[in-house]
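Undergrad: My structure is stored as query26.cif, with mmCIF, C-alpha atoms.
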data_protein
#
loop_
_atom_site.label_atom_id
_atom_site.label_comp_id
_atom_site.auth_asym_id
_atom_site.auth_seq_id
_atom_site.Cartn_x
_atom_site.Cartn_y
_atom_site.Cartn_z
CA MET Q 96 53.58 8.51 55.57
CA ALA Q 97 50.64 9.46 57.70
CA ILE Q 98 47.07 8.50 58.39
CA GLU Q 99 44.35 9.82 56.14
CA VAL Q 100 41.25 11.04 57.96
CA ARG Q 101 38.06 11.55 55.97
CA ILE Q 102 36.01 14.42 57.31
CA PRO Q 103 32.20 14.61 57.02
CA THR Q 104 30.51 17.74 55.69
CA ILE Q 105 29.40 18.90 59.13
CA LEU Q 106 33.01 19.03 60.42
CA ARG Q 107 34.62 20.61 57.37
CA SER Q 108 34.28 24.05 58.93
CA HIS Q 109 37.21 22.90 61.10
CA THR Q 110 39.35 21.79 58.15
CA GLY Q 111 38.91 24.76 55.86
CA GLY Q 112 36.52 22.72 53.76
CA ALA Q 113 38.90 19.80 53.22
CA LYS Q 114 37.23 16.41 52.76
CA ALA Q 115 40.34 14.53 53.87
CA VAL Q 116 43.30 15.54 56.02
CA GLN Q 117 46.44 13.84 57.30
CA ALA Q 118 47.24 13.20 60.95
CA SER Q 119 49.41 10.93 63.01
CA GLY Q 120 49.14 8.91 66.20
CA ASP Q 121 49.38 5.39 67.53
CA THR Q 122 45.87 5.19 68.93
CA LEU Q 123 42.66 6.85 67.86
CA ALA Q 124 42.91 9.09 70.95
CA THR Q 125 46.38 10.43 70.06
CA LEU Q 126 45.34 10.75 66.42
CA ILE Q 127 42.40 12.94 67.46
CA ASP Q 128 44.74 15.04 69.66
CA ASP Q 129 47.00 15.57 66.65
CA LEU Q 130 43.99 16.37 64.48
CA ASP Q 131 42.82 18.94 67.04
CA SER Q 132 46.26 20.59 67.15
CA GLN Q 133 45.96 21.20 63.40
CA HIS Q 134 42.21 21.83 63.25
CA SER Q 135 41.21 23.52 66.45
CA GLY Q 136 37.91 22.49 67.97
CA ILE Q 137 37.45 19.24 66.10
CA LYS Q 138 38.16 17.10 69.18
CA GLY Q 139 35.18 18.58 71.00
CA ARG Q 140 32.96 17.42 68.14
CA LEU Q 141 34.21 13.85 68.45
CA VAL Q 142 34.95 13.28 72.13
CA THR Q 143 32.78 14.09 75.17
CA ASP Q 144 34.01 16.01 78.23
CA GLU Q 145 34.16 12.63 79.96
CA GLY Q 146 36.61 11.41 77.34
CA ALA Q 147 34.42 9.01 75.35
CA LEU Q 148 33.47 9.11 71.70
CA HIS Q 149 30.26 11.04 71.04
CA ARG Q 150 27.24 8.88 70.40
CA PHE Q 151 26.47 11.12 67.41
CA VAL Q 152 29.50 10.18 65.36
CA ASN Q 153 30.74 6.93 63.91
CA VAL Q 154 34.48 6.46 63.47
CA TYR Q 155 35.94 3.72 61.33
CA VAL Q 156 39.53 2.54 61.07
CA ASN Q 157 39.98 0.71 57.78
CA ASP Q 158 36.22 0.13 57.51
CA GLU Q 159 35.90 -1.24 61.07
CA ASP Q 160 33.60 0.65 63.43
CA VAL Q 161 35.85 1.49 66.39
CA ARG Q 162 33.01 0.76 68.83
CA PHE Q 163 33.90 -2.88 68.22
CA THR Q 164 37.70 -2.47 68.26
CA GLY Q 165 38.38 -0.60 71.50
CA ALA Q 166 36.94 2.85 70.76
CA LEU Q 167 39.54 5.57 71.47
CA ASP Q 168 42.12 2.91 72.39
CA THR Q 169 41.97 1.43 68.89
CA ALA Q 170 45.50 1.16 67.50
CA VAL Q 171 46.31 3.06 64.32
CA LYS Q 172 49.43 3.14 62.17
CA ASP Q 173 50.81 4.91 59.13
CA GLY Q 174 48.89 3.98 56.02
CA ASP Q 175 45.63 3.37 57.86
CA SER Q 176 42.52 5.16 56.74
CA VAL Q 177 40.13 6.71 59.26
CA THR Q 178 36.60 7.74 58.30
CA ILE Q 179 34.35 9.93 60.43
CA LEU Q 180 30.61 9.98 59.69
CA PRO Q 181 27.67 11.50 61.51
CA ALA Q 182 25.41 8.75 62.86
CA VAL Q 183 22.05 8.82 61.13
CA ALA Q 184 19.68 8.20 63.98
CA GLY Q 185 16.88 9.72 65.99
CA GLY Q 186 13.65 9.00 67.75
CA MET W 448 11.34 24.08 49.89
CA LEU W 449 11.52 20.35 49.19
CA THR W 450 10.70 19.34 45.63
CA ILE W 451 10.27 15.60 45.24
CA ASP W 452 8.87 13.42 42.47
CA GLY W 453 5.68 11.40 42.93
CA PRO W 454 7.21 7.90 42.74
CA THR W 455 9.84 8.79 45.38
CA TYR W 456 7.20 10.32 47.65
CA ASP W 457 5.10 7.16 47.26
CA ALA W 458 8.12 4.93 47.96
CA ILE W 459 8.87 6.74 51.23
CA VAL W 460 5.25 6.45 52.36
CA ALA W 461 5.09 2.75 51.37
CA HIS W 462 8.28 2.04 53.34
CA ALA W 463 6.88 3.79 56.41
CA ARG W 464 3.61 1.83 56.16
CA ARG W 465 5.43 -1.46 55.63
CA ASP W 466 7.64 -1.11 58.73
CA HIS W 467 4.86 0.22 60.99
CA PRO W 468 4.74 -0.03 64.03
CA ASP W 469 8.56 0.20 63.92
CA GLU W 470 10.16 3.36 62.57
CA ALA W 471 11.33 3.23 58.95
CA CYS W 472 14.32 5.21 57.69
CA GLY W 473 16.31 5.92 54.57
CA VAL W 474 17.87 8.42 52.23
CA VAL W 475 17.14 9.94 48.85
CA ALA W 476 20.48 10.75 47.29
CA GLY W 477 21.05 13.40 44.67
CA PRO W 478 23.91 15.02 42.76
CA VAL W 479 26.18 17.13 44.98
CA GLY W 480 24.97 20.73 45.11
CA ALA W 481 21.88 20.11 42.99
CA ASP W 482 19.33 19.90 45.85
CA ARG W 483 17.56 17.22 43.82
CA PRO W 484 16.52 13.96 45.52
CA VAL W 485 16.61 11.29 42.82
CA ARG W 486 17.90 7.94 44.12
CA PHE W 487 15.67 6.30 46.72
CA ILE W 488 17.65 4.19 49.21
CA PRO W 489 15.57 2.52 51.94
CA MET W 490 17.75 1.62 54.93
CA LEU W 491 17.34 -0.97 57.64
CA ASN W 492 16.43 0.42 61.04
CA ALA W 493 19.11 -1.31 63.10
CA ALA W 494 17.22 -0.35 66.28
CA ARG W 495 14.03 -2.11 65.04
CA SER W 496 12.06 0.07 67.40
CA PRO W 497 8.77 2.01 67.42
CA THR W 498 10.54 4.95 69.13
CA PHE W 499 14.09 5.02 67.71
CA TYR W 500 15.87 4.56 64.41
CA GLU W 501 19.49 4.19 63.50
CA PHE W 502 21.30 3.24 60.32
CA ASP W 503 23.49 0.20 60.94
CA SER W 504 27.09 1.44 61.13
CA THR W 505 28.36 -0.87 58.36
CA ASP W 506 25.45 0.10 56.11
CA LEU W 507 26.16 3.76 56.87
CA LEU W 508 29.79 3.48 55.77
CA ARG W 509 28.81 1.62 52.60
CA LEU W 510 26.12 4.22 51.82
CA TYR W 511 28.50 7.18 52.17
CA ARG W 512 31.22 5.43 50.13
CA GLU W 513 28.75 4.76 47.38
CA MET W 514 27.41 8.32 47.37
CA ASP W 515 30.98 9.63 47.35
CA ASP W 516 31.86 7.46 44.34
CA ARG W 517 28.78 8.72 42.49
CA ASP W 518 29.26 12.39 43.47
CA GLU W 519 26.05 12.32 45.44
CA GLU W 520 24.94 13.64 48.78
CA PRO W 521 21.96 12.82 50.99
CA ALA W 522 19.38 15.27 49.62
CA VAL W 523 16.68 13.77 51.84
CA ILE W 524 17.01 11.84 55.10
CA TYR W 525 13.65 10.39 56.04
CA HIS W 526 12.20 8.46 58.94
CA SER W 527 8.78 7.72 60.33
CA HIS W 528 7.07 8.38 63.61
CA THR W 529 4.53 5.69 64.26
CA ALA W 530 2.54 7.08 67.21
CA THR W 531 3.29 10.80 67.19
CA GLU W 532 3.19 13.74 64.79
CA ALA W 533 5.58 14.18 61.88
CA TYR W 534 7.77 16.70 63.68
CA PRO W 535 11.42 16.26 64.74
CA SER W 536 11.81 14.91 68.27
CA ARG W 537 14.49 16.17 70.64
CA THR W 538 16.54 13.09 69.76
CA ASP W 539 16.13 13.81 66.04
CA ILE W 540 17.45 17.33 66.58
CA ALA W 541 20.36 16.15 68.73
CA TYR W 542 21.49 13.66 66.09
CA ALA W 543 20.89 15.72 62.96
CA GLY W 544 24.30 15.77 61.29
CA GLU W 545 23.51 16.90 57.75
CA PRO W 546 22.58 20.60 57.77
CA GLY W 547 22.30 20.52 53.97
CA ALA W 548 19.71 17.74 53.92
CA HIS W 549 15.94 17.90 53.94
CA TYR W 550 14.79 15.95 56.99
CA VAL W 551 11.53 14.30 56.00
CA LEU W 552 9.24 13.05 58.75
CA VAL W 553 6.33 10.75 57.97
CA SER W 554 3.73 9.84 60.56
CA THR W 555 1.87 6.57 60.23
CA ARG W 556 -0.16 7.04 63.42
CA ASP W 557 -3.36 7.26 61.36
CA PRO W 558 -4.02 4.13 59.27
CA VAL W 559 -5.54 6.17 56.43
CA ASP W 560 -4.16 9.70 56.45
CA ILE W 561 -0.43 10.13 56.11
CA GLU W 562 1.52 13.12 57.41
CA PHE W 563 4.53 13.99 55.26
CA ARG W 564 6.54 17.04 56.33
CA SER W 565 10.01 18.37 55.63
CA PHE W 566 12.45 20.30 57.82
CA ARG W 567 15.91 21.77 57.87
CA ILE W 568 17.76 21.00 61.07
CA SER W 569 20.90 23.01 61.66
CA ASP W 570 22.67 23.78 64.96
CA GLY W 571 19.64 22.65 66.92
CA ALA W 572 17.23 24.91 65.01
CA VAL W 573 14.28 23.35 63.19
CA THR W 574 12.73 25.12 60.21
CA GLU W 575 9.75 23.60 58.45
CA GLU W 576 9.57 24.00 54.69
CA PRO W 577 6.86 23.42 52.10
CA VAL W 578 6.81 20.13 50.16
CA THR W 579 6.05 20.10 46.45
CA VAL W 580 5.38 16.76 44.79
CA ILE W 581 6.00 16.88 41.06
CA ASP W 582 4.60 14.65 38.36
CA THR W 583 7.67 13.21 36.61
CA ALA W 584 5.63 12.30 33.55
CA GLY W 585 5.11 16.00 32.87
#
Can the structure from this file be put into structure tokens for me?

TA:
Amino acid sequence: MAIEVRIPTILRSHTGGAKAVQASGDTLATLIDDLDSQHSGIKGRLVTDEGALHRFVNVYVNDEDVRFTGALDTAVKDGDSVTILPAVAGG
Amino acid sequence: MLTIDGPTYDAIVAHARRDHPDEACGVVAGPVGADRPVRFIPMLNAARSPTFYEFDSTDLLRLYREMDDRDEEPAVIYHSHTATEAYPSRTDIAYAGEPGAHYVLVSTRDPVDIEFRSFRISDGAVTEEPVTVIDTAG
């Protein structure tokens, strides 16, 4: 088993058009590293150079916004479902 | 070009007027690939601000789930500017995450005249497009 990651339209250029991909890890950070090893460049769209999640994306683990569950330190396990969405925001 | 029906156009303008002086925001969903905005979905501005808007993160997840289940996509993403022109701000451009959507900007800075403009925003580039309002009764 693995963790299903749902990919938003704007990042599907990294996944060959796939809407959902599989990855593994025990935290969101290691999951994103694994994702990036399979889909090069995707990490840079999610994580800043300083190592924090981009303000422009929302990441959910099993429907919980990870901003409220420890951000990149959020624990994940096989069978979890991760959803990435672009924030809809502006000025 | 953005083609939108009269009642949806009116609903966007009414939402912008109602929330003034805070920014209003929402989506008009349409069938995937059809470029046809049909389902008006006003959203709460979680920032409740005259200078910023943001969909609440829980609402955002629910919205995308629902569109996914219905084979829809956000054909239009709209928000209002309440003191400035209906043109994407730097923040709007930085956040724009749906290159396939029409970004509609409405300005409510004038109490009588409304500005309603539409843009594509892709990779930081803004392209204005004409707006055609169609009479659905026809």

Undergrad: Mind giving me the straight-line distance from atom CA of Thr455 of chain W to atom CA of Leu510 of chain W in Å, one decimal?

TA: 18.1 Å

Undergrad: Would you translate the PyMOL selection byres ((chain W) within 6 of (chain Q)) into the concrete set of residues it matches in this file, as a list in words?

TA: Thr498, Phe499, Tyr500, Glu501, Phe502, Thr538, Asp539, Tyr542 and Gly544 of chain W

Undergrad: Step by step, work through what the PyMOL selection byres ((chain W and resi 471) around 9) selects in the shown file, and finish by giving those residues as number ranges by chain.

TA: W: 459, 462-470, 472-473, 489-492, 495, 497, 500, 525-529

Undergrad: Tell me, in Å to one decimal, how far atom CA of Glu545 of chain W is from atom CA of Thr450 of chain W.

TA: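 If I compute the distance from atom CA of Glu545 of chain W to atom CA of Thr450 of chain W, I get 17.8 Å.
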
Undergrad: By how many Å are atom CA of Asp175 of chain Q and atom CA of Ser119 of chain Q apart?

TA: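 Interatomic distance, atom CA of Asp175 of chain Q to atom CA of Ser119 of chain Q: 9.9 Å.
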
Undergrad: If the PyMOL selection byres ((chain W and resi 549-561) around 8) were run on this exact file, what residues would it hold? Put them as a VMD selection string.

TA: chain W and resid 449 460 463 to 464 467 522 to 535 547 to 548 562 to 568

Undergrad: Identify, on the basis of all atoms listed in the file, every residue whose closest approach to Arg512 of chain W does not exceed 12 Å; exclude the query and any residue fewer than 3 positions from it along the same chain; express the result as a ChimeraX atom specification.

TA: /Q:101,103,158,178-180 /W:505-509,515-521

Undergrad: Residues within 10 Å of Gln133 of chain Q, please, as a list in words. Count all atoms listed in the file; anything in the same chain fewer than 4 positions from it doesn't count.

TA: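 Once the nearby chain positions are removed, what remains is His109, Thr110, Val116, Gln117, Ala118, Ile127, Asp128, Asp129 and Ile137 of chain Q.
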
Undergrad: When you look at Gly139 of chain Q with a cut-off of 10 Å (counting all atoms listed in the file), what residues show up, excluding the ones that are within fewer than 5 positions of it in the same chain? I need them as a list in words.

TA: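 Within the cut-off, the hits are Ile127, Asp131, Asp144, Gly146, Leu148 and His149 of chain Q.
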
Undergrad: With distances taken over all atoms listed in the file, which residue among Q:Thr122, Q:Leu141, Q:Ser132, Q:Asn157 lies nearest Thr169 of chain Q?

TA: Q:Thr122

Undergrad: Could you give me the centre and size, in Å to one decimal, of an axis-aligned box around all listed atoms of segment 116-119 of chain Q with 8 Å added on every side, as AutoDock Vina command-line options?

TA:
--center_x 46.4 --center_y 13.2 --center_z 59.5 --size_x 22.1 --size_y 20.6 --size_z 23.0

Undergrad: Can I get a file of segment 161-180 of chain Q from the given structure, N, CA and C atoms kept, as a PDB file, in the first residue's frame?

TA:
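Now in part-v4.pdb:
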ATOM      1  N   VAL Q 161      -2.986  20.894   6.469  1.00  0.00           N
ATOM      2  CA  VAL Q 161      -1.782  20.616   7.257  1.00  0.00           C
ATOM      3  C   VAL Q 161      -1.249  21.845   7.991  1.00  0.00           C
ATOM      4  N   ARG Q 162      -1.747  23.040   7.631  1.00  0.00           N
ATOM      5  CA  ARG Q 162      -1.325  24.222   8.393  1.00  0.00           C
ATOM      6  C   ARG Q 162      -1.712  24.089   9.861  1.00  0.00           C
ATOM      7  N   PHE Q 163      -2.753  23.276  10.102  1.00  0.00           N
ATOM      8  CA  PHE Q 163      -3.237  23.123  11.479  1.00  0.00           C
ATOM      9  C   PHE Q 163      -2.752  21.822  12.121  1.00  0.00           C
ATOM     10  N   THR Q 164      -1.955  21.040  11.389  1.00  0.00           N
ATOM     11  CA  THR Q 164      -1.548  19.732  11.926  1.00  0.00           C
ATOM     12  C   THR Q 164      -0.026  19.558  11.924  1.00  0.00           C
ATOM     13  N   GLY Q 165       0.711  20.663  11.800  1.00  0.00           N
ATOM     14  CA  GLY Q 165       2.166  20.548  11.871  1.00  0.00           C
ATOM     15  C   GLY Q 165       2.879  20.758  10.551  1.00  0.00           C
ATOM     16  N   ALA Q 166       2.131  21.238   9.549  1.00  0.00           N
ATOM     17  CA  ALA Q 166       2.722  21.552   8.240  1.00  0.00           C
ATOM     18  C   ALA Q 166       3.547  20.375   7.695  1.00  0.00           C
ATOM     19  N   LEU Q 167       4.807  20.605   7.340  1.00  0.00           N
ATOM     20  CA  LEU Q 167       5.610  19.544   6.716  1.00  0.00           C
ATOM     21  C   LEU Q 167       5.926  18.405   7.689  1.00  0.00           C
ATOM     22  N   ASP Q 168       5.769  18.656   8.984  1.00  0.00           N
ATOM     23  CA  ASP Q 168       6.018  17.603   9.974  1.00  0.00           C
ATOM     24  C   ASP Q 168       4.804  16.697  10.192  1.00  0.00           C
ATOM     25  N   THR Q 169       3.695  17.009   9.526  1.00  0.00           N
ATOM     26  CA  THR Q 169       2.495  16.191   9.683  1.00  0.00           C
ATOM     27  C   THR Q 169       2.794  14.726   9.347  1.00  0.00           C
ATOM     28  N   ALA Q 170       2.400  13.840  10.244  1.00  0.00           N
ATOM     29  CA  ALA Q 170       2.634  12.407  10.028  1.00  0.00           C
ATOM     30  C   ALA Q 170       1.692  11.859   8.971  1.00  0.00           C
ATOM     31  N   VAL Q 171       2.222  11.001   8.119  1.00  0.00           N
ATOM     32  CA  VAL Q 171       1.381  10.313   7.132  1.00  0.00           C
ATOM     33  C   VAL Q 171       1.698   8.814   7.187  1.00  0.00           C
ATOM     34  N   LYS Q 172       0.727   8.018   6.754  1.00  0.00           N
ATOM     35  CA  LYS Q 172       0.939   6.569   6.749  1.00  0.00           C
ATOM     36  C   LYS Q 172       0.217   5.951   5.558  1.00  0.00           C
ATOM     37  N   ASP Q 173       0.589   4.717   5.259  1.00  0.00           N
ATOM     38  CA  ASP Q 173      -0.040   4.020   4.143  1.00  0.00           C
ATOM     39  C   ASP Q 173      -1.558   4.072   4.284  1.00  0.00           C
ATOM     40  N   GLY Q 174      -2.217   4.314   3.163  1.00  0.00           N
ATOM     41  CA  GLY Q 174      -3.674   4.376   3.179  1.00  0.00           C
ATOM     42  C   GLY Q 174      -4.204   5.790   3.333  1.00  0.00           C
ATOM     43  N   ASP Q 175      -3.344   6.720   3.759  1.00  0.00           N
ATOM     44  CA  ASP Q 175      -3.782   8.112   3.850  1.00  0.00           C
ATOM     45  C   ASP Q 175      -4.006   8.675   2.446  1.00  0.00           C
ATOM     46  N   SER Q 176      -4.742   9.753   2.410  1.00  0.00           N
ATOM     47  CA  SER Q 176      -4.971  10.435   1.152  1.00  0.00           C
ATOM     48  C   SER Q 176      -4.528  11.888   1.297  1.00  0.00           C
ATOM     49  N   VAL Q 177      -3.683  12.329   0.390  1.00  0.00           N
ATOM     50  CA  VAL Q 177      -3.163  13.696   0.423  1.00  0.00           C
ATOM     51  C   VAL Q 177      -3.720  14.451  -0.782  1.00  0.00           C
ATOM     52  N   THR Q 178      -4.224  15.635  -0.542  1.00  0.00           N
ATOM     53  CA  THR Q 178      -4.770  16.471  -1.624  1.00  0.00           C
ATOM     54  C   THR Q 178      -4.010  17.788  -1.667  1.00  0.00           C
ATOM     55  N   ILE Q 179      -3.560  18.156  -2.850  1.00  0.00           N
ATOM     56  CA  ILE Q 179      -2.893  19.443  -3.053  1.00  0.00           C
ATOM     57  C   ILE Q 179      -3.827  20.326  -3.885  1.00  0.00           C
ATOM     58  N   LEU Q 180      -4.051  21.538  -3.437  1.00  0.00           N
ATOM     59  CA  LEU Q 180      -4.885  22.481  -4.196  1.00  0.00           C
ATOM     60  C   LEU Q 180      -4.206  23.844  -4.220  1.00  0.00           C
TER      61      LEU Q 180
END
